[in-house]
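Participant: Here you go, this is coords_9.pdb (PDB, C-alpha atoms, pLDDT in the B column).
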```pdb
ATOM      1  CA  MET A   1     151.887  92.661  29.603  1.00 58.00           C
ATOM      2  CA  LYS A   2     152.398  90.742  32.792  1.00 67.00           C
ATOM      3  CA  LYS A   3     151.265  87.155  32.620  1.00 70.00           C
ATOM      4  CA  GLN A   4     149.084  86.024  35.497  1.00 79.00           C
ATOM      5  CA  ARG A   5     148.854  82.409  34.422  1.00 81.00           C
ATOM      6  CA  PRO A   6     150.302  79.693  36.650  1.00 78.00           C
ATOM      7  CA  VAL A   7     153.525  78.183  35.350  1.00 77.00           C
ATOM      8  CA  ASN A   8     154.292  74.502  35.751  1.00 73.00           C
ATOM      9  CA  LEU A   9     157.923  73.677  35.115  1.00 75.00           C
ATOM     10  CA  GLN A  10     158.034  70.402  36.984  1.00 76.00           C
ATOM     11  CA  LEU A  11     158.438  68.217  33.936  1.00 74.00           C
ATOM     12  CA  ASN A  12     158.015  64.870  35.698  1.00 77.00           C
ATOM     13  CA  THR A  13     154.468  65.857  36.635  1.00 76.00           C
ATOM     14  CA  ILE A  14     153.498  66.584  33.033  1.00 78.00           C
ATOM     15  CA  SER A  15     152.347  63.685  30.893  1.00 82.00           C
ATOM     16  CA  PHE A  16     151.241  63.871  27.310  1.00 86.00           C
ATOM     17  CA  PRO A  17     147.768  62.502  26.540  1.00 89.00           C
ATOM     18  CA  PRO A  18     147.748  59.667  23.933  1.00 92.00           C
ATOM     19  CA  ALA A  19     146.459  61.985  21.189  1.00 92.00           C
ATOM     20  CA  ALA A  20     149.465  64.285  21.740  1.00 92.00           C
ATOM     21  CA  ILE A  21     151.841  61.328  21.538  1.00 94.00           C
ATOM     22  CA  THR A  22     150.335  60.213  18.215  1.00 95.00           C
ATOM     23  CA  SER A  23     150.743  63.754  16.919  1.00 94.00           C
ATOM     24  CA  ILE A  24     154.440  64.031  17.766  1.00 95.00           C
ATOM     25  CA  LEU A  25     155.082  60.468  16.526  1.00 96.00           C
ATOM     26  CA  HIS A  26     153.452  61.400  13.217  1.00 97.00           C
ATOM     27  CA  ARG A  27     155.932  64.262  12.853  1.00 96.00           C
ATOM     28  CA  ILE A  28     158.945  62.206  13.918  1.00 97.00           C
ATOM     29  CA  THR A  29     158.104  59.319  11.570  1.00 97.00           C
ATOM     30  CA  GLY A  30     157.421  61.793   8.748  1.00 97.00           C
ATOM     31  CA  VAL A  31     160.861  63.365   9.064  1.00 97.00           C
ATOM     32  CA  ALA A  32     162.428  59.918   9.539  1.00 97.00           C
ATOM     33  CA  LEU A  33     160.802  58.678   6.325  1.00 97.00           C
ATOM     34  CA  PHE A  34     162.219  61.622   4.392  1.00 97.00           C
ATOM     35  CA  VAL A  35     165.716  60.600   5.522  1.00 97.00           C
ATOM     36  CA  ALA A  36     164.974  56.884   5.019  1.00 97.00           C
ATOM     37  CA  LEU A  37     164.049  57.589   1.391  1.00 97.00           C
ATOM     38  CA  LEU A  38     167.729  58.316   0.700  1.00 97.00           C
ATOM     39  CA  PHE A  39     168.476  54.664   1.462  1.00 97.00           C
ATOM     40  CA  VAL A  40     165.264  53.261  -0.036  1.00 97.00           C
ATOM     41  CA  ILE A  41     165.643  55.075  -3.350  1.00 97.00           C
ATOM     42  CA  TRP A  42     169.361  54.246  -3.515  1.00 97.00           C
ATOM     43  CA  ALA A  43     168.610  50.552  -2.866  1.00 97.00           C
ATOM     44  CA  TRP A  44     165.765  50.520  -5.380  1.00 97.00           C
ATOM     45  CA  ALA A  45     167.722  52.373  -8.112  1.00 97.00           C
ATOM     46  CA  VAL A  46     170.802  50.145  -7.763  1.00 97.00           C
ATOM     47  CA  SER A  47     168.922  46.843  -7.408  1.00 97.00           C
ATOM     48  CA  VAL A  48     166.602  47.366 -10.354  1.00 96.00           C
ATOM     49  CA  SER A  49     169.312  48.564 -12.764  1.00 94.00           C
ATOM     50  CA  SER A  50     171.630  45.538 -13.008  1.00 95.00           C
ATOM     51  CA  PRO A  51     172.090  41.985 -11.662  1.00 96.00           C
ATOM     52  CA  ASP A  52     175.316  43.114  -9.960  1.00 97.00           C
ATOM     53  CA  GLY A  53     173.461  45.956  -8.255  1.00 96.00           C
ATOM     54  CA  PHE A  54     170.739  43.532  -7.150  1.00 97.00           C
ATOM     55  CA  ALA A  55     173.383  41.271  -5.606  1.00 97.00           C
ATOM     56  CA  LEU A  56     174.991  44.255  -3.846  1.00 97.00           C
ATOM     57  CA  VAL A  57     171.692  45.425  -2.328  1.00 97.00           C
ATOM     58  CA  SER A  58     170.760  41.849  -1.297  1.00 96.00           C
ATOM     59  CA  GLU A  59     174.100  41.573   0.470  1.00 96.00           C
ATOM     60  CA  GLN A  60     173.588  44.921   2.235  1.00 95.00           C
ATOM     61  CA  LEU A  61     170.075  43.913   3.326  1.00 94.00           C
ATOM     62  CA  ASN A  62     171.494  40.783   4.944  1.00 93.00           C
ATOM     63  CA  GLY A  63     173.916  42.801   7.070  1.00 94.00           C
ATOM     64  CA  TRP A  64     172.868  44.148  10.473  1.00 95.00           C
ATOM     65  CA  LEU A  65     172.892  47.770   9.305  1.00 95.00           C
ATOM     66  CA  GLY A  66     170.750  46.987   6.254  1.00 96.00           C
ATOM     67  CA  LYS A  67     168.274  45.046   8.383  1.00 96.00           C
ATOM     68  CA  PHE A  68     168.164  47.833  10.946  1.00 96.00           C
ATOM     69  CA  ILE A  69     167.413  50.448   8.269  1.00 96.00           C
ATOM     70  CA  ALA A  70     164.823  48.211   6.578  1.00 96.00           C
ATOM     71  CA  ILE A  71     162.968  47.433   9.814  1.00 97.00           C
ATOM     72  CA  GLY A  72     163.170  51.071  10.930  1.00 97.00           C
ATOM     73  CA  THR A  73     161.829  52.293   7.601  1.00 97.00           C
ATOM     74  CA  ILE A  74     158.929  49.819   7.568  1.00 97.00           C
ATOM     75  CA  SER A  75     158.142  50.668  11.198  1.00 97.00           C
ATOM     76  CA  ALA A  76     158.109  54.432  10.511  1.00 98.00           C
ATOM     77  CA  LEU A  77     156.063  53.951   7.334  1.00 98.00           C
ATOM     78  CA  SER A  78     153.493  51.725   9.053  1.00 97.00           C
ATOM     79  CA  TYR A  79     153.084  54.257  11.865  1.00 98.00           C
ATOM     80  CA  HIS A  80     152.779  57.176   9.459  1.00 98.00           C
ATOM     81  CA  ILE A  81     150.115  55.306   7.457  1.00 98.00           C
ATOM     82  CA  LEU A  82     148.178  54.313  10.607  1.00 98.00           C
ATOM     83  CA  GLY A  83     148.296  57.912  11.854  1.00 97.00           C
ATOM     84  CA  GLY A  84     147.241  59.125   8.418  1.00 97.00           C
ATOM     85  CA  VAL A  85     144.270  56.751   8.282  1.00 97.00           C
ATOM     86  CA  ARG A  86     143.255  57.977  11.755  1.00 97.00           C
ATOM     87  CA  HIS A  87     143.402  61.541  10.430  1.00 96.00           C
ATOM     88  CA  LEU A  88     141.243  60.606   7.425  1.00 96.00           C
ATOM     89  CA  ILE A  89     138.649  59.053   9.768  1.00 97.00           C
ATOM     90  CA  MET A  90     138.743  62.189  11.933  1.00 96.00           C
ATOM     91  CA  ASP A  91     138.110  64.246   8.780  1.00 95.00           C
ATOM     92  CA  THR A  92     134.698  62.572   8.610  1.00 95.00           C
ATOM     93  CA  GLY A  93     133.852  63.863  12.105  1.00 94.00           C
ATOM     94  CA  ARG A  94     134.475  60.609  13.985  1.00 95.00           C
ATOM     95  CA  TRP A  95     136.875  60.095  16.944  1.00 94.00           C
ATOM     96  CA  GLU A  96     136.893  63.798  17.744  1.00 92.00           C
ATOM     97  CA  GLU A  97     135.708  63.521  21.354  1.00 92.00           C
ATOM     98  CA  LEU A  98     138.164  63.230  24.233  1.00 91.00           C
ATOM     99  CA  GLU A  99     137.351  59.592  24.916  1.00 93.00           C
ATOM    100  CA  SER A 100     137.171  58.296  21.355  1.00 94.00           C
ATOM    101  CA  GLY A 101     140.187  60.391  20.302  1.00 93.00           C
ATOM    102  CA  ASN A 102     142.364  58.967  23.047  1.00 93.00           C
ATOM    103  CA  ALA A 103     141.053  55.435  22.450  1.00 95.00           C
ATOM    104  CA  SER A 104     141.899  55.571  18.722  1.00 96.00           C
ATOM    105  CA  ALA A 105     145.304  57.055  19.574  1.00 96.00           C
ATOM    106  CA  LYS A 106     146.058  54.167  21.930  1.00 96.00           C
ATOM    107  CA  ALA A 107     144.752  51.687  19.349  1.00 97.00           C
ATOM    108  CA  ILE A 108     147.065  52.817  16.538  1.00 97.00           C
ATOM    109  CA  ILE A 109     150.079  52.890  18.879  1.00 96.00           C
ATOM    110  CA  GLY A 110     149.197  49.331  19.923  1.00 97.00           C
ATOM    111  CA  ILE A 111     148.784  48.111  16.342  1.00 97.00           C
ATOM    112  CA  TRP A 112     152.032  49.836  15.363  1.00 97.00           C
ATOM    113  CA  ILE A 113     154.040  48.183  18.158  1.00 97.00           C
ATOM    114  CA  ILE A 114     152.674  44.745  17.242  1.00 97.00           C
ATOM    115  CA  LEU A 115     153.375  45.322  13.524  1.00 97.00           C
ATOM    116  CA  THR A 116     156.920  46.476  14.271  1.00 97.00           C
ATOM    117  CA  ILE A 117     157.612  43.406  16.409  1.00 97.00           C
ATOM    118  CA  VAL A 118     156.237  41.073  13.712  1.00 97.00           C
ATOM    119  CA  VAL A 119     158.235  42.780  10.940  1.00 96.00           C
ATOM    120  CA  GLY A 120     161.341  42.823  13.155  1.00 96.00           C
ATOM    121  CA  VAL A 121     161.113  39.108  13.929  1.00 96.00           C
ATOM    122  CA  VAL A 122     160.425  38.138  10.300  1.00 93.00           C
ATOM    123  CA  LEU A 123     163.211  40.256   8.775  1.00 91.00           C
ATOM    124  CA  TRP A 124     165.951  39.792  11.373  1.00 87.00           C
TER     125      TRP A 124
ATOM    126  CA  MET B   1     148.518  85.636  10.117  1.00 48.00           C
ATOM    127  CA  VAL B   2     150.532  83.524   7.789  1.00 53.00           C
ATOM    128  CA  THR B   3     148.772  83.563   4.469  1.00 53.00           C
ATOM    129  CA  SER B   4     151.274  81.928   2.144  1.00 52.00           C
ATOM    130  CA  GLN B   5     151.413  78.216   2.771  1.00 50.00           C
ATOM    131  CA  ALA B   6     153.793  75.641   1.379  1.00 52.00           C
ATOM    132  CA  SER B   7     154.333  77.492  -1.860  1.00 52.00           C
ATOM    133  CA  LEU B   8     153.387  80.581  -3.785  1.00 59.00           C
ATOM    134  CA  LYS B   9     149.684  81.299  -4.233  1.00 63.00           C
ATOM    135  CA  ARG B  10     148.615  78.174  -2.443  1.00 68.00           C
ATOM    136  CA  ASP B  11     146.085  78.232   0.355  1.00 79.00           C
ATOM    137  CA  GLY B  12     145.333  75.963   3.260  1.00 85.00           C
ATOM    138  CA  VAL B  13     142.505  74.172   1.484  1.00 90.00           C
ATOM    139  CA  GLN B  14     144.807  73.206  -1.360  1.00 90.00           C
ATOM    140  CA  ASP B  15     147.414  71.937   1.108  1.00 91.00           C
ATOM    141  CA  TYR B  16     144.717  70.004   2.961  1.00 93.00           C
ATOM    142  CA  VAL B  17     143.519  68.294  -0.214  1.00 94.00           C
ATOM    143  CA  THR B  18     147.035  67.718  -1.603  1.00 94.00           C
ATOM    144  CA  ILE B  19     148.352  66.068   1.545  1.00 95.00           C
ATOM    145  CA  ARG B  20     145.409  63.641   1.580  1.00 97.00           C
ATOM    146  CA  ALA B  21     145.324  62.901  -2.145  1.00 97.00           C
ATOM    147  CA  THR B  22     149.054  62.148  -2.193  1.00 97.00           C
ATOM    148  CA  ALA B  23     148.719  60.095   1.004  1.00 97.00           C
ATOM    149  CA  ILE B  24     146.158  57.833  -0.669  1.00 97.00           C
ATOM    150  CA  ILE B  25     148.486  57.202  -3.639  1.00 98.00           C
ATOM    151  CA  MET B  26     151.486  56.461  -1.390  1.00 98.00           C
ATOM    152  CA  THR B  27     149.440  54.172   0.867  1.00 98.00           C
ATOM    153  CA  ALA B  28     148.178  52.242  -2.167  1.00 98.00           C
ATOM    154  CA  PHE B  29     151.770  51.867  -3.413  1.00 98.00           C
ATOM    155  CA  SER B  30     152.983  50.756   0.041  1.00 98.00           C
ATOM    156  CA  LEU B  31     150.237  48.141   0.327  1.00 97.00           C
ATOM    157  CA  TYR B  32     150.934  46.888  -3.196  1.00 98.00           C
ATOM    158  CA  MET B  33     154.658  46.530  -2.453  1.00 97.00           C
ATOM    159  CA  ALA B  34     153.899  44.811   0.859  1.00 96.00           C
ATOM    160  CA  TRP B  35     151.648  42.372  -0.996  1.00 97.00           C
ATOM    161  CA  PHE B  36     154.391  41.808  -3.607  1.00 97.00           C
ATOM    162  CA  PHE B  37     157.017  40.986  -0.965  1.00 95.00           C
ATOM    163  CA  LEU B  38     154.634  38.698   0.936  1.00 95.00           C
ATOM    164  CA  ALA B  39     153.230  36.914  -2.128  1.00 96.00           C
ATOM    165  CA  THR B  40     156.506  36.345  -3.996  1.00 94.00           C
ATOM    166  CA  PRO B  41     158.278  33.256  -2.657  1.00 91.00           C
ATOM    167  CA  GLN B  42     161.717  33.972  -4.136  1.00 93.00           C
ATOM    168  CA  ILE B  43     162.578  37.476  -5.323  1.00 94.00           C
ATOM    169  CA  THR B  44     165.281  37.255  -7.967  1.00 96.00           C
ATOM    170  CA  TYR B  45     166.682  40.014 -10.159  1.00 96.00           C
ATOM    171  CA  GLU B  46     164.411  38.883 -13.030  1.00 96.00           C
ATOM    172  CA  VAL B  47     161.270  39.079 -10.886  1.00 96.00           C
ATOM    173  CA  TRP B  48     162.290  42.446  -9.367  1.00 97.00           C
ATOM    174  CA  HIS B  49     163.309  43.950 -12.724  1.00 96.00           C
ATOM    175  CA  GLY B  50     160.172  42.560 -14.350  1.00 96.00           C
ATOM    176  CA  LEU B  51     157.941  44.206 -11.748  1.00 96.00           C
ATOM    177  CA  PHE B  52     159.080  47.687 -12.803  1.00 97.00           C
ATOM    178  CA  ALA B  53     159.257  46.872 -16.513  1.00 95.00           C
ATOM    179  CA  SER B  54     155.508  47.141 -17.102  1.00 95.00           C
ATOM    180  CA  LEU B  55     154.149  50.518 -18.152  1.00 96.00           C
ATOM    181  CA  ALA B  56     151.443  50.446 -15.463  1.00 97.00           C
ATOM    182  CA  MET B  57     154.025  49.953 -12.700  1.00 97.00           C
ATOM    183  CA  LYS B  58     156.226  52.720 -14.127  1.00 97.00           C
ATOM    184  CA  VAL B  59     153.266  55.122 -13.982  1.00 97.00           C
ATOM    185  CA  PHE B  60     152.306  53.955 -10.474  1.00 98.00           C
ATOM    186  CA  THR B  61     155.905  54.379  -9.235  1.00 97.00           C
ATOM    187  CA  LEU B  62     156.291  57.835 -10.788  1.00 97.00           C
ATOM    188  CA  ALA B  63     152.914  58.925  -9.372  1.00 98.00           C
ATOM    189  CA  THR B  64     154.109  57.771  -5.948  1.00 98.00           C
ATOM    190  CA  LEU B  65     157.420  59.635  -6.252  1.00 97.00           C
ATOM    191  CA  LEU B  66     155.619  62.833  -7.295  1.00 97.00           C
ATOM    192  CA  SER B  67     153.235  62.348  -4.365  1.00 98.00           C
ATOM    193  CA  ILE B  68     156.243  62.020  -2.058  1.00 97.00           C
ATOM    194  CA  MET B  69     157.600  65.349  -3.321  1.00 97.00           C
ATOM    195  CA  LEU B  70     154.291  67.202  -2.888  1.00 96.00           C
ATOM    196  CA  HIS B  71     153.617  65.586   0.500  1.00 97.00           C
ATOM    197  CA  ILE B  72     157.125  66.421   1.746  1.00 97.00           C
ATOM    198  CA  ARG B  73     156.746  70.011   0.557  1.00 94.00           C
ATOM    199  CA  ILE B  74     153.748  70.550   2.841  1.00 94.00           C
ATOM    200  CA  GLY B  75     154.835  68.362   5.775  1.00 95.00           C
ATOM    201  CA  LEU B  76     158.301  69.866   5.843  1.00 94.00           C
ATOM    202  CA  TRP B  77     156.860  73.360   5.786  1.00 93.00           C
ATOM    203  CA  GLN B  78     154.641  72.500   8.769  1.00 93.00           C
ATOM    204  CA  VAL B  79     157.504  71.063  10.800  1.00 95.00           C
ATOM    205  CA  LEU B  80     160.066  73.740   9.889  1.00 96.00           C
ATOM    206  CA  THR B  81     157.762  76.693  10.638  1.00 94.00           C
ATOM    207  CA  ASP B  82     157.153  75.218  14.109  1.00 94.00           C
ATOM    208  CA  TYR B  83     160.739  74.456  15.084  1.00 94.00           C
ATOM    209  CA  VAL B  84     163.035  76.704  13.040  1.00 94.00           C
ATOM    210  CA  LYS B  85     162.278  80.325  13.867  1.00 93.00           C
ATOM    211  CA  ALA B  86     165.150  82.092  12.092  1.00 95.00           C
ATOM    212  CA  PRO B  87     163.794  83.018   8.631  1.00 94.00           C
ATOM    213  CA  GLY B  88     167.127  82.747   6.806  1.00 96.00           C
ATOM    214  CA  LEU B  89     167.955  79.340   8.187  1.00 97.00           C
ATOM    215  CA  ARG B  90     164.430  78.094   7.519  1.00 96.00           C
ATOM    216  CA  ALA B  91     164.533  79.338   3.934  1.00 95.00           C
ATOM    217  CA  ALA B  92     167.892  77.642   3.391  1.00 97.00           C
ATOM    218  CA  LEU B  93     166.714  74.343   4.948  1.00 96.00           C
ATOM    219  CA  GLN B  94     163.476  74.407   2.975  1.00 95.00           C
ATOM    220  CA  PHE B  95     165.391  75.048  -0.247  1.00 96.00           C
ATOM    221  CA  ILE B  96     167.885  72.226   0.317  1.00 97.00           C
ATOM    222  CA  LEU B  97     165.346  69.671   1.571  1.00 96.00           C
ATOM    223  CA  ASN B  98     162.851  70.407  -1.204  1.00 96.00           C
ATOM    224  CA  LEU B  99     165.710  70.072  -3.677  1.00 97.00           C
ATOM    225  CA  ILE B 100     166.472  66.624  -2.244  1.00 97.00           C
ATOM    226  CA  ALA B 101     162.781  65.721  -2.632  1.00 97.00           C
ATOM    227  CA  PHE B 102     163.002  66.767  -6.279  1.00 97.00           C
ATOM    228  CA  VAL B 103     166.155  64.662  -6.701  1.00 97.00           C
ATOM    229  CA  TYR B 104     164.145  61.630  -5.484  1.00 97.00           C
ATOM    230  CA  VAL B 105     161.664  62.183  -8.317  1.00 97.00           C
ATOM    231  CA  ALA B 106     164.358  62.840 -10.938  1.00 97.00           C
ATOM    232  CA  VAL B 107     166.358  59.753  -9.951  1.00 97.00           C
ATOM    233  CA  GLY B 108     163.169  57.699 -10.020  1.00 96.00           C
ATOM    234  CA  LEU B 109     162.214  58.972 -13.451  1.00 96.00           C
ATOM    235  CA  PHE B 110     165.568  58.177 -15.064  1.00 96.00           C
ATOM    236  CA  VAL B 111     165.852  54.779 -13.381  1.00 96.00           C
ATOM    237  CA  LEU B 112     162.345  53.869 -14.560  1.00 95.00           C
ATOM    238  CA  TRP B 113     163.284  55.068 -18.037  1.00 94.00           C
ATOM    239  CA  GLY B 114     166.125  52.553 -18.183  1.00 90.00           C
ATOM    240  CA  VAL B 115     164.289  49.539 -16.754  1.00 87.00           C
TER     241      VAL B 115
END
```
Represent the structure of the file as structure tokens.
Facilitator:
Amino acid sequence: MKKQRPVNLQLNTISFPPAAITSILHRITGVALFVALLFVIWAWAVSVSSPDGFALVSEQLNGWLGKFIAIGTISALSYHILGGVRHLIMDTGRWEELESGNASAKAIIGIWIILTIVVGVVLW
Amino acid sequence: MVTSQASLKRDGVQDYVTIRATAIIMTAFSLYMAWFFLATPQITYEVWHGLFASLAMKVFTLATLLSIMLHIRIGLWQVLTDYVKAPGLRAALQFILNLIAFVYVAVGLFVLWGV
């Protein structure tokens, strides 16, 4: 079947609406958290098992790589939770219109950026 | 139409409920841990070890780890079916990644056992 629809391949003229950005961020942070759990569960298992392990993890968390992973994990988790709460509210029938949906999308991205900056400053 | 969802004999309604039920448990655990880190002035090995020594915290932690596994099972299925089109590769990825999710739970269980 021949498609008669117009095709727009000029990518710089396409912009995602806020609700679409929250959707893709929810996926990215979800996958990121799965990977981050490797580090989180390793750190938890080692630190809780022996005083030596606790000292090792404390040392790692004071290094730049440890701090980077910790801040990244908390940032991804906070976004995923905010996006999840937005989904739960949408399950009740709220924020489903174009205006309210985009407003709530912008709001959680805003809260997430502020939270990430605060966590980053405190932990670094 | 794709009828089989994240696992055998599971439908969309079950996935819908599971992803939300597990999300509530994980959010509660995250908030509790955030409160612990904020409210504890100096976290030493004794304080950290003591936190996971209580039976209630062991149950809460295991419930969270199981929630992670169930939540990952559904979320991973959603992402993989959208982006990985080759059935063999997708099956292999789903097998390996779900196995890793199970390892998270198993590691958690045995660590909690020893605390």
Participant: Which residues, written as a PDB file with C-alpha atoms, in the frame of the given file, have at least one atom at most 12 Å from B:Phe36, with all atoms listed in the file counted and residues fewer than 4 positions away on the same chain left out?
Facilitator:
```pdb
ATOM      1  CA  PHE B  29     151.770  51.867  -3.413  1.00 98.00           C
ATOM      2  CA  SER B  30     152.983  50.756   0.041  1.00 98.00           C
ATOM      3  CA  LEU B  31     150.237  48.141   0.327  1.00 97.00           C
ATOM      4  CA  TYR B  32     150.934  46.888  -3.196  1.00 98.00           C
ATOM      5  CA  THR B  40     156.506  36.345  -3.996  1.00 94.00           C
ATOM      6  CA  PRO B  41     158.278  33.256  -2.657  1.00 91.00           C
ATOM      7  CA  GLN B  42     161.717  33.972  -4.136  1.00 93.00           C
ATOM      8  CA  ILE B  43     162.578  37.476  -5.323  1.00 94.00           C
ATOM      9  CA  VAL B  47     161.270  39.079 -10.886  1.00 96.00           C
ATOM     10  CA  TRP B  48     162.290  42.446  -9.367  1.00 97.00           C
ATOM     11  CA  LEU B  51     157.941  44.206 -11.748  1.00 96.00           C
ATOM     12  CA  PHE B  52     159.080  47.687 -12.803  1.00 97.00           C
TER      13      PHE B  52
END
```
Participant: With a distance cut-off of 8 Å and all atoms listed in the file, select the neighbouring residues of stretch 77-84 of chain B, excluding the residue or stretch itself and same-chain residues fewer than 2 positions from it, and output the selection as a PyMOL selection string.
Facilitator: (chain A and resi 27) or (chain B and resi 5-6+73-75+86-87+89-90+94)
Participant: Can you turn the PyMOL selection byres ((chain A) within 8 of (chain B)) into a concrete residue list for this file, as a count of residues only?
Facilitator: 17
Participant: Rounded to one decimal, what separation in Å do you get between atom CA of A:Met90 and atom CA of A:Ala107?
Facilitator: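 Result for atom CA of A:Met90 versus atom CA of A:Ala107: 14.2 Å, one decimal.
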Participant: What is the distance between atom CA of A:Ser104 and atom CA of A:Ala19, in Å to one decimal?
Facilitator: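 Atom CA of A:Ala19 lies at a distance of 8.2 Å from atom CA of A:Ser104.
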Participant: Do you have the atom CA of A:Val121-atom CA of A:Leu77 distance handy?
Facilitator: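 Straight-line distance from atom CA of A:Val121 to atom CA of A:Leu77 works out to 17.0 Å.
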Participant: Find the residues near A:Trp112: any atom within 8 Å, counting all atoms listed in the file, skip ones fewer than 3 places away on the same chain, and give them as a ChimeraX atom specification.
Facilitator: /A:75,78-79,82,108-109,115-116
Participant: Please evaluate the PyMOL selection byres ((chain A and resi 70) around 12) against the displayed coordinates and give the resulting residues as a PyMOL selection string.
Facilitator: chain A and resi 33+36-37+39-40+43+57-58+60-69+71-77+116+119-120+122-124
Participant: Please provide as a list in words all residues within 9 Å of A:Gly101, with the sequence filter that same-chain residues fewer than 4 positions apart are discarded (counting only C-alpha atoms).
Facilitator: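 Contacts, in chain order: Pro18, Ala19, Met90, Arg94, Trp95, Glu96, Glu97, Ala105 and Lys106 of chain A.
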